[in-house]
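Source file: run.tsv; contents: TSV, C-alpha atoms.
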chain	number	residue	atom	x	y	z
U	1	MET	CA	0.00	0.00	0.00
U	2	SER	CA	1.33	3.43	-0.96
U	3	ASP	CA	-0.02	6.35	1.08
U	4	LEU	CA	0.08	9.22	-1.40
U	5	VAL	CA	-0.64	12.65	0.07
U	6	THR	CA	-2.27	15.27	-2.14
U	7	GLY	CA	-1.72	19.01	-1.94
U	8	ASP	CA	-4.83	19.27	0.24
U	9	ALA	CA	-3.42	16.73	2.73
U	10	VAL	CA	-5.70	13.89	1.61
U	11	VAL	CA	-4.09	10.50	2.12
U	12	LEU	CA	-4.75	8.17	-0.79
U	13	GLY	CA	-4.27	4.46	-0.13
U	14	LEU	CA	-3.13	3.27	-3.56
U	15	ARG	CA	-1.41	0.03	-4.50
U	16	PRO	CA	1.34	0.65	-7.09
U	17	ALA	CA	1.66	-1.97	-9.81
U	18	ARG	CA	4.89	-3.90	-9.91
U	19	LEU	CA	7.04	-5.01	-12.82
U	20	PRO	CA	5.43	-8.42	-13.61
U	21	SER	CA	1.88	-7.05	-13.97
U	22	ARG	CA	3.08	-3.99	-15.86
U	23	ALA	CA	5.17	-6.14	-18.22
U	24	LEU	CA	2.18	-8.38	-18.94
U	25	ALA	CA	-0.05	-5.39	-19.64
U	26	PHE	CA	2.56	-3.86	-21.95
U	27	PHE	CA	2.97	-7.17	-23.80
U	28	LEU	CA	-0.78	-7.39	-24.43
U	29	ASP	CA	-0.87	-3.80	-25.65
U	30	LEU	CA	2.18	-4.42	-27.85
U	31	VAL	CA	0.55	-7.42	-29.49
U	32	VAL	CA	-2.50	-5.34	-30.39
U	33	TYR	CA	-0.49	-2.36	-31.64
U	34	VAL	CA	2.01	-4.44	-33.63
U	35	THR	CA	-0.80	-6.37	-35.27
U	36	GLY	CA	-2.48	-3.13	-36.29
U	37	TYR	CA	0.85	-1.71	-37.45
U	38	MET	CA	1.52	-4.72	-39.69
U	39	VAL	CA	-1.92	-4.51	-41.27
U	40	ILE	CA	-1.51	-0.79	-41.92
U	41	THR	CA	2.03	-1.29	-43.25
U	42	VAL	CA	0.84	-3.84	-45.81
U	43	GLY	CA	-1.91	-1.47	-46.89
U	44	LEU	CA	0.49	1.45	-47.19
U	45	ALA	CA	2.95	-0.67	-49.19
U	46	TYR	CA	0.29	-1.34	-51.82
U	47	ALA	CA	-0.92	2.28	-51.74
U	48	THR	CA	2.56	3.79	-52.14
U	49	ALA	CA	4.00	1.30	-54.65
U	50	SER	CA	4.10	3.96	-57.37
U	51	LEU	CA	6.04	6.48	-55.24
U	52	ASP	CA	9.79	6.84	-55.02
U	53	GLU	CA	11.89	5.43	-52.17
U	54	ALA	CA	12.06	8.71	-50.22
U	55	ALA	CA	8.29	9.07	-50.18
U	56	GLN	CA	7.84	5.45	-49.17
U	57	ALA	CA	10.31	5.91	-46.30
U	58	ALA	CA	8.48	9.04	-45.13
U	59	VAL	CA	5.13	7.22	-45.18
U	60	ALA	CA	6.65	4.29	-43.27
U	61	VAL	CA	8.02	6.60	-40.55
U	62	ALA	CA	4.68	8.41	-40.33
U	63	GLY	CA	2.84	5.10	-39.98
U	64	PHE	CA	5.23	3.97	-37.24
U	65	LEU	CA	4.77	7.16	-35.23
U	66	LEU	CA	1.01	7.14	-35.72
U	67	VAL	CA	0.33	3.53	-34.75
U	68	LEU	CA	3.02	2.79	-32.15
U	69	VAL	CA	3.22	6.26	-30.55
U	70	GLY	CA	0.12	8.31	-31.39
U	71	VAL	CA	-2.47	5.58	-30.88
U	72	PRO	CA	-1.24	4.60	-27.36
U	73	ILE	CA	-1.24	8.28	-26.34
U	74	ALA	CA	-4.78	8.74	-27.65
U	75	VAL	CA	-6.03	5.54	-25.99
U	76	GLU	CA	-4.48	6.45	-22.64
U	77	THR	CA	-5.94	9.95	-22.78
U	78	LEU	CA	-9.46	8.97	-23.81
U	79	SER	CA	-9.67	6.01	-21.44
U	80	HIS	CA	-8.15	7.95	-18.49
U	81	GLY	CA	-5.23	5.56	-18.14
U	82	ARG	CA	-6.89	2.26	-19.05
U	83	SER	CA	-5.45	0.66	-22.18
U	84	LEU	CA	-6.53	-2.82	-23.27
U	85	GLY	CA	-3.60	-4.49	-21.56
U	86	LYS	CA	-4.03	-2.52	-18.35
U	87	LEU	CA	-7.76	-3.18	-18.36
U	88	ALA	CA	-7.13	-6.92	-18.67
U	89	CYS	CA	-4.59	-6.86	-15.82
U	90	GLY	CA	-6.63	-4.57	-13.57
U	91	LEU	CA	-4.19	-1.64	-13.81
U	92	ARG	CA	-4.65	2.06	-14.38
U	93	VAL	CA	-2.43	5.11	-14.89
U	94	VAL	CA	-3.18	7.99	-12.53
U	95	ARG	CA	-1.47	11.23	-11.55
U	96	ASP	CA	0.77	11.45	-8.52
U	97	ASP	CA	-2.15	12.91	-6.54
U	98	GLY	CA	-4.48	10.08	-7.55
U	99	GLY	CA	-6.45	12.02	-10.17
U	100	PRO	CA	-7.08	10.96	-13.78
U	101	VAL	CA	-4.35	11.54	-16.35
U	102	ARG	CA	-4.64	14.19	-19.06
U	103	PHE	CA	-3.18	14.53	-22.54
U	104	ARG	CA	0.08	16.07	-21.33
U	105	HIS	CA	0.73	13.12	-19.00
U	106	ALA	CA	0.02	10.61	-21.75
U	107	LEU	CA	2.20	12.57	-24.19
U	108	VAL	CA	5.22	12.52	-21.88
U	109	ARG	CA	4.72	8.82	-21.14
U	110	GLY	CA	4.40	8.01	-24.84
U	111	ALA	CA	7.43	10.05	-25.85
U	112	MET	CA	9.60	8.46	-23.17
U	113	GLY	CA	8.18	5.04	-24.03
U	114	VAL	CA	9.71	5.22	-27.50
U	115	VAL	CA	13.16	5.28	-25.93
U	116	GLU	CA	12.78	3.09	-22.85
U	117	LEU	CA	10.30	0.56	-24.27
U	118	LEU	CA	10.65	0.33	-28.07
U	119	LEU	CA	14.23	1.33	-28.90
U	120	SER	CA	15.80	-0.38	-25.86
U	121	PHE	CA	13.40	-3.38	-25.97
U	122	GLY	CA	12.11	-2.53	-22.48
U	123	SER	CA	15.46	-2.87	-20.70
U	124	VAL	CA	15.57	0.77	-19.53
U	125	ALA	CA	11.99	0.59	-18.28
U	126	CYS	CA	12.66	-2.65	-16.40
U	127	ILE	CA	15.71	-1.23	-14.65
U	128	ALA	CA	13.90	1.99	-13.71
U	129	SER	CA	10.88	0.06	-12.43
U	130	LEU	CA	13.05	-2.22	-10.29
U	131	VAL	CA	14.96	0.71	-8.80
U	132	SER	CA	11.88	2.83	-8.09
U	133	ALA	CA	10.14	2.34	-4.75
U	134	ARG	CA	6.73	2.53	-6.45
U	135	GLY	CA	7.64	0.67	-9.62
U	136	ARG	CA	7.69	3.74	-11.88
U	137	ARG	CA	9.54	3.92	-15.18
U	138	LEU	CA	11.11	7.11	-16.57
U	139	GLY	CA	7.92	8.12	-18.36
U	140	ASP	CA	6.06	8.05	-15.04
U	141	VAL	CA	8.77	10.07	-13.29
U	142	PHE	CA	8.86	12.82	-15.93
U	143	GLY	CA	5.12	12.74	-16.54
U	144	GLY	CA	4.14	12.82	-12.87
U	145	THR	CA	2.12	9.60	-13.09
U	146	LEU	CA	1.80	6.27	-11.32
U	147	VAL	CA	0.44	2.90	-12.42
U	148	ILE	CA	-1.82	1.43	-9.73
U	149	ARG	CA	-3.73	-1.80	-9.23
U	150	GLU	CA	-7.49	-1.26	-9.37
U	151	ARG	CA	-8.58	-4.84	-8.73
U	152	VAL	CA	-7.08	-5.94	-5.43
U	153	PRO	CA	-8.39	-9.26	-4.00
U	154	GLY	CA	-9.74	-8.81	-0.50
U	155	ALA	CA	-9.22	-5.05	-0.47
U	156	PRO	CA	-11.66	-3.24	1.84
U	157	VAL	CA	-14.18	-0.99	0.12
U	158	MET	CA	-14.34	2.53	1.51
U	159	PRO	CA	-18.02	3.54	1.43
U	160	VAL	CA	-19.17	7.14	1.29
U	161	PRO	CA	-20.87	8.15	4.57
U	162	ALA	CA	-24.63	8.59	4.35
U	163	PRO	CA	-25.93	12.17	4.67
U	164	PRO	CA	-27.89	13.23	7.75
U	165	PRO	CA	-31.58	12.26	7.60
U	166	TRP	CA	-32.71	15.89	7.82
U	167	LEU	CA	-31.01	16.57	4.46
U	168	ALA	CA	-32.87	13.79	2.63
U	169	GLY	CA	-34.51	15.12	-0.53
U	170	ARG	CA	-33.31	18.67	0.01
U	171	PHE	CA	-31.17	18.91	-3.14
U	172	THR	CA	-33.39	17.12	-5.66
U	173	GLY	CA	-33.73	20.29	-7.74
U	174	LEU	CA	-30.02	21.05	-7.91
U	175	ASP	CA	-28.40	21.26	-11.37
U	176	LEU	CA	-25.26	19.08	-11.33
U	177	SER	CA	-24.54	19.13	-15.06
U	178	ALA	CA	-21.62	21.61	-14.75
U	179	VAL	CA	-19.75	19.71	-12.00
U	180	PRO	CA	-16.63	18.04	-13.50
U	181	GLU	CA	-15.61	14.48	-12.76
U	182	GLY	CA	-12.42	15.65	-11.10
U	183	LEU	CA	-14.40	17.51	-8.44
U	184	TRP	CA	-16.63	14.47	-7.83
U	185	LEU	CA	-13.48	12.36	-7.38
U	186	ALA	CA	-12.00	14.84	-4.89
U	187	ILE	CA	-15.25	14.95	-2.91
U	188	ARG	CA	-15.48	11.17	-2.76
U	189	GLN	CA	-11.85	10.82	-1.68
U	190	TYR	CA	-12.36	13.38	1.06
U	191	LEU	CA	-15.59	11.82	2.38
U	192	THR	CA	-14.14	8.31	2.52
U	193	ARG	CA	-11.09	9.51	4.51
U	194	MET	CA	-12.31	12.53	6.43
U	195	ASN	CA	-12.17	10.65	9.74
U	196	GLN	CA	-8.43	10.11	9.23
U	197	LEU	CA	-7.65	13.82	8.87
U	198	ASP	CA	-6.87	16.43	11.46
U	199	PRO	CA	-10.15	18.20	12.42
U	200	GLN	CA	-8.93	21.65	11.39
U	201	VAL	CA	-7.49	20.37	8.09
U	202	GLY	CA	-10.66	18.39	7.39
U	203	ALA	CA	-12.91	21.38	8.08
U	204	ALA	CA	-10.86	23.63	5.79
U	205	MET	CA	-10.90	21.00	3.01
U	206	ALA	CA	-14.66	20.48	3.34
U	207	ALA	CA	-15.27	24.22	3.11
U	208	LYS	CA	-13.05	24.52	0.02
U	209	LEU	CA	-14.74	21.60	-1.77
U	210	ALA	CA	-18.20	22.91	-0.83
U	211	ASP	CA	-17.37	26.36	-2.17
U	212	ASP	CA	-16.13	24.82	-5.44
U	213	LEU	CA	-19.33	22.79	-5.69
U	214	VAL	CA	-21.49	25.87	-5.05
U	215	ALA	CA	-19.59	27.76	-7.76
U	216	ARG	CA	-20.25	24.95	-10.25
U	217	THR	CA	-23.95	24.59	-9.46
U	218	GLY	CA	-24.68	28.33	-9.49
U	219	ALA	CA	-26.95	28.16	-6.42
U	220	PRO	CA	-26.30	30.08	-3.17
U	221	ALA	CA	-24.67	28.37	-0.22
U	222	PRO	CA	-27.17	26.56	2.01
U	223	ALA	CA	-27.76	28.31	5.31
U	224	GLY	CA	-27.03	26.36	8.47
U	225	VAL	CA	-25.69	23.25	6.69
U	226	PRO	CA	-22.16	22.09	7.60
U	227	ALA	CA	-19.84	21.74	4.65
U	228	ALA	CA	-19.20	18.00	5.15
U	229	ALA	CA	-22.93	17.24	5.45
U	230	PHE	CA	-23.59	19.31	2.34
U	231	LEU	CA	-21.01	17.29	0.37
U	232	MET	CA	-22.52	14.00	1.59
U	233	ALA	CA	-26.03	15.05	0.59
U	234	VAL	CA	-25.08	16.30	-2.89
U	235	LEU	CA	-22.93	13.24	-3.65
U	236	HIS	CA	-25.79	11.00	-2.48
U	237	GLU	CA	-28.14	12.91	-4.79
U	238	ARG	CA	-25.77	12.39	-7.73
U	239	GLN	CA	-25.51	8.66	-6.98
U	240	SER	CA	-29.31	8.43	-6.76
U	241	ARG	CA	-29.63	10.03	-10.19
U	242	ASP	CA	-27.03	7.63	-11.58
U	243	ALA	CA	-28.96	4.67	-10.22
U	244	ALA	CA	-32.27	6.02	-11.54
U	245	ARG	CA	-30.80	6.61	-15.02
U	246	ALA	CA	-29.25	3.12	-15.07
U	247	PHE	CA	-32.56	1.56	-14.03
U	248	ALA	CA	-34.45	3.58	-16.63
U	249	ALA	CA	-31.97	2.58	-19.34
U	250	GLY	CA	-32.36	-1.08	-18.39
U	251	ALA	CA	-36.14	-0.72	-18.58
U	252	GLY	CA	-35.96	0.75	-22.11
U	253	MET	CA	-36.40	4.41	-21.14
U	254	PRO	CA	-33.20	6.15	-22.34
U	255	GLY	CA	-32.39	9.52	-20.80
U	256	ALA	CA	-34.97	9.32	-18.02
U	257	LEU	CA	-34.19	11.20	-14.82
U	258	PRO	CA	-35.90	11.27	-11.43
U	259	GLY	CA	-39.03	13.38	-11.46
U	260	GLY	CA	-39.92	12.76	-15.10
U	261	ALA	CA	-37.40	14.88	-16.97
U	262	VAL	CA	-36.01	13.23	-20.09
U	263	GLY	CA	-32.64	13.83	-21.75
U	264	ALA	CA	-32.63	17.55	-22.47
U	265	ALA	CA	-31.40	18.61	-19.04
U	266	GLY	CA	-28.01	16.90	-19.48
U	267	ALA	CA	-26.35	14.03	-17.66
U	268	TYR	CA	-27.01	15.40	-14.19
U	269	GLY	CA	-29.51	18.15	-14.94
U	270	PRO	CA	-32.31	19.01	-12.52
U	271	PRO	CA	-35.32	16.70	-12.71
U	272	VAL	CA	-37.67	19.63	-12.21
U	273	ALA	CA	-37.34	23.35	-12.86
U	274	VAL	CA	-36.52	24.97	-9.52
U	275	PRO	CA	-35.25	28.56	-9.17
U	276	ALA	CA	-31.62	28.80	-8.07
U	277	ALA	CA	-32.51	30.84	-5.00
U	278	ALA	CA	-34.87	28.12	-3.75
U	279	ALA	CA	-32.82	25.11	-4.81
U	280	TRP	CA	-31.33	24.60	-1.36
U	281	HIS	CA	-34.62	24.92	0.50
U	282	THR	CA	-36.75	22.19	-1.06
U	283	PRO	CA	-38.49	20.73	2.02
U	284	ALA	CA	-38.61	16.99	2.53
U	285	PRO	CA	-42.09	15.43	2.88
U	286	ALA	CA	-43.15	15.18	6.50
U	287	PRO	CA	-44.07	11.71	7.84
U	288	ALA	CA	-47.69	10.92	8.60
U	289	PHE	CA	-47.09	10.66	12.34
U	290	ALA	CA	-45.15	13.90	12.63
U	291	PRO	CA	-46.60	16.47	15.08
U	292	ALA	CA	-47.88	19.81	13.87
U	293	PRO	CA	-45.05	22.20	13.06
U	294	THR	CA	-44.37	24.97	15.49
U	295	THR	CA	-42.94	28.38	14.78
U	296	MET	CA	-39.28	28.49	15.74
U	297	PRO	CA	-37.27	31.72	15.97
U	298	ALA	CA	-34.80	32.21	13.16
U	299	PRO	CA	-31.19	31.63	14.21
U	300	ALA	CA	-29.08	34.70	14.65
U	301	PRO	CA	-26.80	35.31	11.67
U	302	VAL	CA	-23.14	34.63	12.26
U	303	PRO	CA	-21.09	37.73	11.40
U	304	ALA	CA	-18.49	37.10	8.72
U	305	PRO	CA	-14.91	37.63	9.93
U	306	THR	CA	-13.19	40.67	8.55
U	307	ALA	CA	-9.76	39.00	8.35
U	308	ALA	CA	-8.39	35.51	8.22
U	309	ALA	CA	-8.16	34.04	11.71
U	310	ALA	CA	-4.70	33.00	12.87
U	311	PRO	CA	-4.42	29.27	13.52
U	312	PRO	CA	-3.64	28.23	17.09
U	313	SER	CA	-0.47	26.39	16.08
U	314	GLY	CA	1.09	29.17	14.02
U	315	GLY	CA	0.35	27.63	10.60
U	316	GLU	CA	-1.33	29.17	7.58
U	317	PRO	CA	-4.40	31.34	8.25
U	318	VAL	CA	-7.82	29.70	7.85
U	319	ARG	CA	-9.48	30.65	4.55
U	320	LYS	CA	-12.84	32.43	4.78
U	321	THR	CA	-15.69	30.44	3.24
U	322	GLY	CA	-19.47	30.48	3.30
U	323	PHE	CA	-19.53	27.26	5.33
U	324	ALA	CA	-18.93	26.93	9.05
U	325	PRO	CA	-16.74	23.98	10.10
U	326	PRO	CA	-18.59	21.20	11.94
U	327	ALA	CA	-18.61	21.39	15.72

Kindly present the structure from the file in structure tokens form.
Amino acid sequence: MSDLVTGDAVVLGLRPARLPSRALAFFLDLVVYVTGYMVITVGLAYATASLDEAAQAAVAVAGFLLVLVGVPIAVETLSHGRSLGKLACGLRVVRDDGGPVRFRHALVRGAMGVVELLLSFGSVACIASLVSARGRRLGDVFGGTLVIRERVPGAPVMPVPAPPPWLAGRFTGLDLSAVPEGLWLAIRQYLTRMNQLDPQVGAAMAAKLADDLVARTGAPAPAGVPAAAFLMAVLHERQSRDAARAFAAGAGMPGALPGGAVGAAGAYGPPVAVPAAAAWHTPAPAPAFAPAPTTMPAPAPVPAPTAAAAPPSGGEPVRKTGFAPPA
């Protein structure tokens, strides 16, 4: 187990892949790419038979770079680090902080792979992987990536904590279509490991993630809701919509969303049209045995601090957010 620590002090328990599994995944990928390269080479040989030798050499070099360099980079970028070989072996390429890889990471890995995998027949990559503590080759070191094992037998599953019952159904009208996958991943990683963090660090991280989520949804910050509880409730709402869409697709109703909306609202659009100002205050249905509601005095507003409060231990000042840390 490799405990990677992100810039926000989130500890990620990842299992780096070692040389045998990585070599097997590379061999499977190489078989696929070489087969495709041979088929394309035969086709190009017939297509360029009337050209001179210089043109044929240029086409051959272009075909080599396209199939054996460009295609792996494109596959790794589009699949977020899961090539065919890695998918078969249960591996995945991620960033050093545990996030999904982008084009620049795949480009560096592919460029370095030409030297340490193809030209040196894998000897440089094997030596670098054996020397590295986390089994990384030179492309991983320069690209800031890590190959991890996704399928680990007997590995404990870290569930996301359930939101408080008083938040059930409160965010059903929230538009989640503009929230990127990277933010969902960060929220899930925080919620599954928030009990392992220092209370002050965890509260600051929850407030930062909640502010980012509010900025993506376009709705005002919910009043009186702790940041961690807000993240639990919104992530639970997103998972509920995923489950409802999967069930609707299995029942032959493509694009259906909870509440009757179909397709046009986007992948995580709101099931019903709710104004942004009222999106946070959708009341949950009261149970049949609930007593009659009584009028309660509104809580006194908490004055916003005029300057960043100094931490008790002399560290960095606490960032001002719209969310109060949990008690």

Skip region 231-241 of chain U itself and residues of its chain fewer than 6 positions away, then list as a PyMOL selection string all residues within 8 Å of it, counting all atoms listed in the file. chain U and resi 160-164+167-169+171-172+176+184+187-188+191+206+209-210+257-258+268

Between CA of Val59 (chain U) and CA of His105 (chain U), what distance in Å does the model show, to one decimal?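 Separation between CA of Val59 (chain U) and CA of His105 (chain U): 27.2 Å.
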
Quote the spacing between CA of Arg109 (chain U) and CA of Val93 (chain U) in Å to one decimal place.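 Value for the CA of Arg109 (chain U)-CA of Val93 (chain U) distance: 10.2 Å.
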
Calculate how many Å separate CA of Ala25 (chain U) from CA of Lys86 (chain U), rounding to one decimal.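 Computing it gives 5.1 Å between the two atoms.
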
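The smallest atom-to-atom distance between Phe26 (chain U) and any of U:Ile127, U:Ile148, U:Ala229, U:Leu117, using all atoms listed in the file, is found for U:Leu117.
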
For a quick check of understanding, using all atoms listed in the file, which of U:Val69, U:Cys89, U:Ile40, U:Ala133 has the smallest distance to Val114 (chain U)?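 The answer is U:Val69, which sits nearest to Val114 (chain U).
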
Could you pull the residues within 9 Å of Arg22 (chain U), counting only C-alpha atoms, minus those fewer than 5 positions along the same chain, as a compact mmCIF listing (two decimals) with C-alpha atoms, in the coordinates of the input?
# COMPACT_ATOMS: atom_id res chain seq x y z
CA ALA U 17 1.66 -1.97 -9.81
CA PHE U 27 2.97 -7.17 -23.80
CA GLY U 85 -3.60 -4.49 -21.56
CA LYS U 86 -4.03 -2.52 -18.35
CA CYS U 89 -4.59 -6.86 -15.82
CA LEU U 91 -4.19 -1.64 -13.81
CA VAL U 147 0.44 2.90 -12.42

Would you list the residues near (14.7, 5.4, -24.1) (no more than 12 Å away, in the coordinates of the file, using all atoms listed in the file) as a PyMOL selection string? chain U and resi 109-128+137-139

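Nearest residue to Gln189 (chain U) among U:Leu130, U:Leu44, U:Met205, U:Ala58 is U:Met205, counting only C-alpha atoms.
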
Do you know which residues are at most 9 Å from Pro100 (chain U) counting all atoms listed in the file, after dropping those on the same chain fewer than 2 positions away, and could you put them as a PDB file with C-alpha atoms, keeping the file's coordinate frame?
ATOM      1  CA  HIS U  80      -8.150   7.950 -18.490  1.00  0.00           C
ATOM      2  CA  GLY U  81      -5.230   5.560 -18.140  1.00  0.00           C
ATOM      3  CA  VAL U  93      -2.430   5.110 -14.890  1.00  0.00           C
ATOM      4  CA  VAL U  94      -3.180   7.990 -12.530  1.00  0.00           C
ATOM      5  CA  ARG U  95      -1.470  11.230 -11.550  1.00  0.00           C
ATOM      6  CA  ASP U  97      -2.150  12.910  -6.540  1.00  0.00           C
ATOM      7  CA  GLY U  98      -4.480  10.080  -7.550  1.00  0.00           C
ATOM      8  CA  ARG U 102      -4.640  14.190 -19.060  1.00  0.00           C
ATOM      9  CA  GLY U 182     -12.420  15.650 -11.100  1.00  0.00           C
TER      10      GLY U 182
END

Nearest to Asp211 (chain U) among U:Met194, U:Ala228, U:Ala88, U:Glu181, with distances taken over only C-alpha atoms: which residue is it? U:Ala228
